[in-house]
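Raw contents of my_file-v7.tsv, TSV, C-alpha atoms:
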chain	number	residue	atom	x	y	z
A	1	MET	CA	0.00	0.00	0.00
A	2	THR	CA	2.77	2.44	0.90
A	3	LEU	CA	4.75	1.65	-2.24
A	4	LYS	CA	1.66	2.26	-4.40
A	5	ALA	CA	1.11	5.56	-2.62
A	6	GLN	CA	4.68	6.56	-3.46
A	7	ILE	CA	3.98	6.04	-7.14
A	8	ASP	CA	0.64	7.88	-7.09
A	9	ASP	CA	1.72	10.64	-4.68
A	10	PRO	CA	5.55	10.87	-4.71
A	11	GLU	CA	5.71	14.13	-2.71
A	12	GLY	CA	3.05	13.10	-0.18
A	13	GLU	CA	0.84	16.08	-1.06
A	14	THR	CA	-2.38	14.09	-1.48
A	15	PHE	CA	-1.87	12.33	1.85
A	16	ALA	CA	-1.19	15.69	3.48
A	17	GLU	CA	-4.44	17.16	2.15
A	18	ARG	CA	-6.37	14.36	3.86
A	19	PHE	CA	-4.87	15.13	7.26
A	20	ASP	CA	-7.49	15.58	9.99
A	21	GLU	CA	-6.58	18.73	11.94
A	22	VAL	CA	-9.03	17.78	14.68
A	23	SER	CA	-6.48	15.26	15.94
A	24	TRP	CA	-3.86	18.02	16.16
A	25	ASN	CA	-6.08	20.65	17.75
A	26	ASN	CA	-7.71	18.33	20.31
A	27	LEU	CA	-5.13	17.04	22.78
A	28	ASP	CA	-7.49	14.23	23.74
A	29	ARG	CA	-6.94	12.84	20.25
A	30	LEU	CA	-3.13	12.71	20.37
A	31	ARG	CA	-3.08	8.92	20.06
A	32	ASP	CA	-4.72	9.29	16.64
A	33	LEU	CA	-1.62	11.06	15.33
A	34	PRO	CA	1.58	9.37	14.12
A	35	ALA	CA	4.08	9.29	17.00
A	36	GLU	CA	6.32	11.89	15.33
A	37	LEU	CA	3.45	14.39	15.07
A	38	ALA	CA	2.09	13.57	18.52
A	39	SER	CA	5.43	14.27	20.17
A	40	LEU	CA	5.88	17.49	18.19
A	41	ARG	CA	2.44	18.61	19.32
A	42	VAL	CA	3.36	18.02	22.96
A	43	ILE	CA	6.67	19.87	22.51
A	44	GLN	CA	4.74	22.77	20.99
A	45	THR	CA	2.35	22.84	23.96
A	46	PHE	CA	5.25	22.61	26.40
A	47	CYS	CA	7.08	25.56	24.85
A	48	LYS	CA	3.97	27.71	24.87
A	49	ASN	CA	2.89	26.96	28.46
A	50	ASN	CA	6.23	26.59	30.23
A	51	ILE	CA	8.92	28.73	28.70
A	52	LYS	CA	6.46	31.35	27.38
A	53	LYS	CA	8.06	31.14	23.96
A	54	PRO	CA	5.90	29.37	21.38
A	55	LEU	CA	7.67	27.71	18.50
A	56	GLY	CA	7.95	30.37	15.82
A	57	VAL	CA	10.00	32.33	13.32
A	58	ASN	CA	13.28	31.96	15.19
A	59	ASP	CA	12.98	28.17	15.23
A	60	LYS	CA	13.85	25.59	12.60
A	61	LEU	CA	12.65	22.01	12.09
A	62	LEU	CA	14.83	19.20	10.76
A	63	LEU	CA	13.27	15.89	9.71
A	64	LEU	CA	16.06	13.32	9.63
A	65	TYR	CA	15.17	10.19	7.66
A	66	ALA	CA	16.68	7.06	6.17
A	67	ASP	CA	17.57	6.39	2.56
A	68	ASN	CA	14.86	3.92	1.55
A	69	ASP	CA	11.56	4.29	-0.26
A	70	ASN	CA	9.25	3.98	2.74
A	71	ALA	CA	11.28	6.34	4.95
A	72	ILE	CA	11.56	8.93	2.18
A	73	PHE	CA	7.83	8.85	1.49
A	74	CYS	CA	6.87	9.05	5.18
A	75	ALA	CA	9.21	12.02	5.73
A	76	LYS	CA	7.71	13.84	2.75
A	77	VAL	CA	4.17	13.24	4.03
A	78	LEU	CA	5.07	14.58	7.49
A	79	TYR	CA	6.76	17.57	5.90
A	80	GLN	CA	3.76	18.34	3.70
A	81	VAL	CA	1.33	17.98	6.63
A	82	LEU	CA	3.33	20.33	8.84
A	83	LYS	CA	3.92	22.85	6.07
A	84	SER	CA	0.57	22.93	4.26
A	85	HIS	CA	-1.48	23.00	7.46
A	86	GLU	CA	0.96	25.41	9.18
A	87	LEU	CA	0.86	23.29	12.33
A	88	LEU	CA	4.04	24.80	13.78
A	89	GLY	CA	3.22	28.43	13.06
A	90	GLY	CA	6.14	30.39	11.65
A	91	VAL	CA	8.79	27.69	12.16
A	92	ASP	CA	11.37	27.74	9.34
A	93	MET	CA	10.89	24.68	7.12
A	94	ALA	CA	12.92	25.84	4.12
A	95	ASP	CA	15.50	23.06	4.46
A	96	SER	CA	13.72	20.70	6.84
A	97	LEU	CA	14.13	17.45	4.89
A	98	TRP	CA	17.47	15.84	5.83
A	99	LYS	CA	18.01	12.50	4.12
A	100	VAL	CA	20.91	10.49	5.53
A	101	GLU	CA	22.44	8.92	2.44
A	102	GLU	CA	22.72	5.10	2.42
A	103	LEU	CA	21.19	4.82	5.89
A	104	ASP	CA	19.53	1.53	5.04
A	105	PRO	CA	20.47	-1.55	7.12
A	106	LYS	CA	19.96	-3.96	4.23
A	107	ASP	CA	23.59	-3.24	3.31
A	108	THR	CA	25.65	-3.38	6.51
A	109	LYS	CA	28.83	-1.92	5.02
A	110	LYS	CA	27.04	1.10	3.60
A	111	PHE	CA	25.00	1.48	6.79
A	112	VAL	CA	28.16	1.62	8.91
A	113	LYS	CA	29.72	4.23	6.62
A	114	SER	CA	26.52	6.25	6.72
A	115	ILE	CA	26.51	6.34	10.53
A	116	GLU	CA	30.18	7.36	10.52
A	117	LYS	CA	29.43	10.26	8.18
A	118	LEU	CA	26.39	11.31	10.21
A	119	TRP	CA	28.45	12.11	13.33
A	120	PRO	CA	30.46	15.07	11.91
A	121	GLU	CA	27.34	16.24	10.05
A	122	LEU	CA	25.47	16.52	13.36
A	123	ILE	CA	28.28	18.66	14.74
A	124	LYS	CA	28.19	20.84	11.62
A	125	ARG	CA	24.43	21.40	11.73
A	126	MET	CA	24.13	21.74	15.51
A	127	PRO	CA	27.42	23.32	16.59
A	128	TRP	CA	28.58	23.99	20.12
A	129	GLN	CA	27.87	27.56	21.14
A	130	ASN	CA	28.64	30.19	23.72
A	131	GLU	CA	26.18	31.83	26.08
A	132	ASP	CA	25.67	34.78	23.73
A	133	VAL	CA	24.04	32.60	21.05
A	134	GLY	CA	21.30	31.14	23.21
A	135	VAL	CA	20.19	28.46	20.72
A	136	LYS	CA	18.28	25.49	22.13
A	137	TYR	CA	18.24	22.10	20.43
A	138	TYR	CA	15.34	19.72	21.03
A	139	LEU	CA	16.08	16.23	19.74
A	140	ASN	CA	12.88	14.29	19.16
A	141	LEU	CA	14.01	10.65	19.31
A	142	THR	CA	10.55	9.16	18.99
A	143	GLY	CA	11.31	7.15	15.86
A	144	GLY	CA	14.18	5.89	13.75
A	145	TYR	CA	16.73	3.11	13.71
A	146	LYS	CA	18.17	2.25	17.12
A	147	SER	CA	21.72	3.04	15.98
A	148	THR	CA	20.69	6.55	14.94
A	149	VAL	CA	18.84	7.10	18.19
A	150	MET	CA	21.90	6.03	20.18
A	151	LEU	CA	24.13	8.35	18.15
A	152	LEU	CA	21.86	11.33	18.78
A	153	ALA	CA	21.62	10.47	22.48
A	154	CYS	CA	25.43	10.41	22.72
A	155	PHE	CA	25.49	13.75	20.91
A	156	ALA	CA	23.06	15.21	23.46
A	157	TYR	CA	25.20	13.86	26.31
A	158	LEU	CA	28.31	15.60	25.00
A	159	LYS	CA	26.50	18.89	24.40
A	160	GLY	CA	24.82	18.88	27.81
A	161	THR	CA	21.71	20.63	29.11
A	162	GLU	CA	23.16	24.05	28.33
A	163	ASP	CA	21.63	23.80	24.87
A	164	THR	CA	20.36	20.27	24.15
A	165	HIS	CA	17.53	18.08	25.45
A	166	ILE	CA	15.95	14.82	24.32
A	167	PHE	CA	12.22	14.26	23.91
A	168	TYR	CA	10.79	10.77	23.53
A	169	LEU	CA	7.31	9.33	23.10
A	170	ASN	CA	6.65	5.60	23.34
A	171	GLU	CA	3.31	4.06	22.46
A	172	GLU	CA	3.29	2.23	25.80
A	173	SER	CA	3.50	5.48	27.78
A	174	GLY	CA	0.12	6.73	26.69
A	175	LYS	CA	0.53	10.39	25.75
A	176	ASP	CA	3.22	11.47	28.22
A	177	VAL	CA	6.46	12.58	26.57
A	178	LEU	CA	9.73	11.83	28.32
A	179	ILE	CA	12.28	14.65	28.47
A	180	LEU	CA	15.89	14.33	29.62
A	181	GLY	CA	19.27	15.98	29.47
A	182	PHE	CA	22.76	15.57	30.85
A	183	ASP	CA	24.29	18.21	33.12
A	184	PRO	CA	28.12	18.26	33.12
A	185	SER	CA	28.22	21.22	35.53
A	186	ASN	CA	27.17	18.97	38.41
A	187	PRO	CA	29.09	15.74	37.78
A	188	LEU	CA	28.73	12.49	39.67
A	189	ASP	CA	31.66	11.16	41.68
A	190	GLU	CA	32.85	9.24	38.64
A	191	GLY	CA	33.07	12.47	36.67
A	192	LEU	CA	30.03	11.62	34.56
A	193	SER	CA	27.33	14.15	33.83
A	194	THR	CA	24.24	14.13	36.03
A	195	LEU	CA	21.06	12.91	34.37
A	196	LYS	CA	18.10	15.26	34.59
A	197	ILE	CA	14.81	13.69	33.61
A	198	GLY	CA	11.08	14.23	33.71
A	199	SER	CA	7.95	14.07	31.61
A	200	ILE	CA	5.48	16.45	29.99
A	201	ASN	CA	1.77	16.29	30.72
A	202	PRO	CA	0.33	16.34	27.19
A	203	ASP	CA	-2.96	17.92	28.27
A	204	THR	CA	-1.36	20.97	29.88
A	205	GLY	CA	2.22	21.02	28.64
A	206	ASP	CA	3.39	21.13	32.26
A	207	LEU	CA	6.82	19.78	33.13
A	208	ILE	CA	6.77	17.05	35.79
A	209	SER	CA	10.26	16.61	37.19
A	210	ASP	CA	12.33	16.68	40.37
A	211	SER	CA	15.51	17.66	38.54
A	212	LEU	CA	14.55	19.74	35.47
A	213	THR	CA	13.06	23.22	35.53
A	214	PRO	CA	11.43	25.16	32.67
A	215	ASP	CA	14.18	27.80	32.98
A	216	GLU	CA	16.73	25.25	31.81
A	217	LEU	CA	14.80	24.57	28.63
Translate this file's structure into C-alpha cells.
Amino acid sequence: MTLKAQIDDPEGETFAERFDEVSWNNLDRLRDLPAELASLRVIQTFCKNNIKKPLGVNDKLLLLYADNDNAIFCAKVLYQVLKSHELLGGVDMADSLWKVEELDPKDTKKFVKSIEKLWPELIKRMPWQNEDVGVKYYLNLTGGYKSTVMLLACFAYLKGTEDTHIFYLNEESGKDVLILGFDPSNPLDEGLSTLKIGSINPDTGDLISDSLTPDEL
C-alpha cells in the first residue's frame, strides 16, 4: 500500500491534504496522530505553556530520515502535513528534509559508513555555542533506527543541558512525553554528567520533574 502511494503521490501532497486537523487541535486525540506528530504537538504545547516562547519564526525544524523508499515517502508526508497545514506556526521549514544517504540496514557496510558520516554532520548542523548565542536544540528521538537514536543520544550527552535536550514518546507510555538531558556542571563522583529527567503532561504542557526546571529549557 505504501509503495503504491509513493507512485501515485511521490511528494506526499495528497496524503497531506487528507490530514485531519481535529487530531492536532484536540489534545485528547493525540493517540490518533503518528508518533512523530504527537510528540511534536506536545513539545509545541510545552514551549507555549512553560517557557512562554511558542515555537515560531526563530525556530527551525529538521526531519532526519533514512535512505529507503518507505522512509523517504513518510518524511515527505510529514513535511507536507506540517507545512501545508501550518501546524508549527512560523517555524522555518525551508531546508527541513534531511536524508541520511545510504542509511539503510539492508547493506551493513554502507550502513556503517553512513553512521560514521552522520556524526560530523550533526556537529556541523548543531554546533557547540557560547552563552551569547542562546540556541536550544530539542532532539525528538521518537522514531528511527536504534543506531541513529543512540548516536543522537550520545550527541546530546556531550553537548549537555546548556543547549540540548531529548524528547521521547513511546506508544506504551500513553501520551506522556519523556524529556531528559545531561548536566556536566554537576558531575557524579565518577566524573560523569548528572542525568536530569522528567515528563510532559500532554494535556497541559506542564513539566513534571524533580531535577529539570522550565528555565533550563
Atom CA of A:Glu101 to atom CA of A:Ala66: how many Å, to one decimal?
7.1 Å
In file coordinates, which residues lie within 8 Å of (4.6, 17.3, 23.1) using all atoms listed in the file, given as number ranges by chain?
A: 38-46, 176-177, 200, 202, 205
Between atom CA of A:Gly134 and atom CA of A:Glu162, what is the distance in Å, rounded to a tenth?
8.9 Å
Counting all atoms listed in the file, closest pick from A:Leu192, A:Leu141, A:Leu178, A:Glu86 relative to A:Leu158 is A:Leu192
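Atom CA of A:Val149 sits 19.9 Å away from atom CA of A:Thr194.
For the choices A:Cys74, A:Leu188, A:Leu169, A:Val91, the atom-to-atom distance to A:Leu30 is smallest for A:Leu169 when using only C-alpha atoms.
Using only C-alpha atoms, the smallest distance between any of A:Leu62, A:Val112, A:Ala71, A:Val57 and A:Asp92 comes from A:Val57.
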Close residues, stretch 11-22 of chain A itself excluded, 9 Å, only C-alpha atoms, min 2 positions apart in chain, as a CSV table (one decimal) with C-alpha atoms, keeping the file's coordinate frame:
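And here's around.csv as it stands now:
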chain,number,residue,atom,x,y,z
A,5,ALA,CA,1.1,5.6,-2.6
A,6,GLN,CA,4.7,6.6,-3.5
A,8,ASP,CA,0.6,7.9,-7.1
A,9,ASP,CA,1.7,10.6,-4.7
A,24,TRP,CA,-3.9,18.0,16.2
A,25,ASN,CA,-6.1,20.6,17.8
A,26,ASN,CA,-7.7,18.3,20.3
A,29,ARG,CA,-6.9,12.8,20.2
A,73,PHE,CA,7.8,8.8,1.5
A,74,CYS,CA,6.9,9.0,5.2
A,75,ALA,CA,9.2,12.0,5.7
A,76,LYS,CA,7.7,13.8,2.8
A,77,VAL,CA,4.2,13.2,4.0
A,78,LEU,CA,5.1,14.6,7.5
A,79,TYR,CA,6.8,17.6,5.9
A,80,GLN,CA,3.8,18.3,3.7
A,81,VAL,CA,1.3,18.0,6.6
A,82,LEU,CA,3.3,20.3,8.8
A,84,SER,CA,0.6,22.9,4.3
A,85,HIS,CA,-1.5,23.0,7.5
A,87,LEU,CA,0.9,23.3,12.3
Given all atoms listed in the file as the counted atoms, nearest of A:Lys146, A:Asn140, A:Thr204, A:Thr213 to A:Lys175:
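Of A:Lys146, A:Asn140, A:Thr204, A:Thr213, the one nearest A:Lys175, counting all atoms listed in the file, is A:Thr204.
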Point (10.6, 16.4, 30.7), cut-off 6 Å, counting all atoms listed in the file, residues as a list in words
Leu178, Ile179, Leu180, Ile197, Gly198, Ser199, Ile200 and Leu207 of chain A
Give me the stretch 75-106 of chain A side of the contact with stretch 122-130 of chain A, cut-off 12 Å, one line per residue showing its nearest atom pair and distance in Å at one decimal, counting only C-alpha atoms, sorted by chain and residue number, as JSON lines.
{"residue": "A:Asp95", "atom": "CA", "partner": "A:Arg125", "partner_atom": "CA", "distance": 11.6}
{"residue": "A:Ser96", "atom": "CA", "partner": "A:Arg125", "partner_atom": "CA", "distance": 11.8}
{"residue": "A:Trp98", "atom": "CA", "partner": "A:Arg125", "partner_atom": "CA", "distance": 10.7}
{"residue": "A:Val100", "atom": "CA", "partner": "A:Leu122", "partner_atom": "CA", "distance": 10.9}
Skip A:Asp107 itself and residues of its chain fewer than 6 positions away, then list as a short mmCIF file (atom, residue, chain, number, x, y, z; two decimals) with C-alpha atoms, in the coordinates of the input all residues within 12 Å of it, counting only C-alpha atoms.
data_model
loop_
_atom_site.label_atom_id
_atom_site.label_comp_id
_atom_site.auth_asym_id
_atom_site.auth_seq_id
_atom_site.Cartn_x
_atom_site.Cartn_y
_atom_site.Cartn_z
CA ASP A 67 17.57 6.39 2.56
CA ASN A 68 14.86 3.92 1.55
CA LYS A 113 29.72 4.23 6.62
CA SER A 114 26.52 6.25 6.72
#
Give the centre and edge lengths of an axis-aligned box, in Å to one decimal, that holds all listed atoms of stretch 92-96 of chain A with 5 Å on each side, as JSON.
{"center_x": 13.2, "center_y": 24.2, "center_z": 6.7, "size_x": 14.6, "size_y": 17.0, "size_z": 15.2}
Kindly indicate which residue among A:Ile115, A:Ile72, A:Ala35, A:Leu61 lies nearest to A:Ala94, using only C-alpha atoms for the distances.
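Result for the nearest residue to A:Ala94: A:Leu61.
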Let me make sure I understand: among A:Asp69, A:Ile208, A:Cys154, A:Asn50, which one has the smallest atom-to-atom distance to A:Lys99 if we use only C-alpha atoms?
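Counting only C-alpha atoms, the residue closest to A:Lys99 is A:Asp69.
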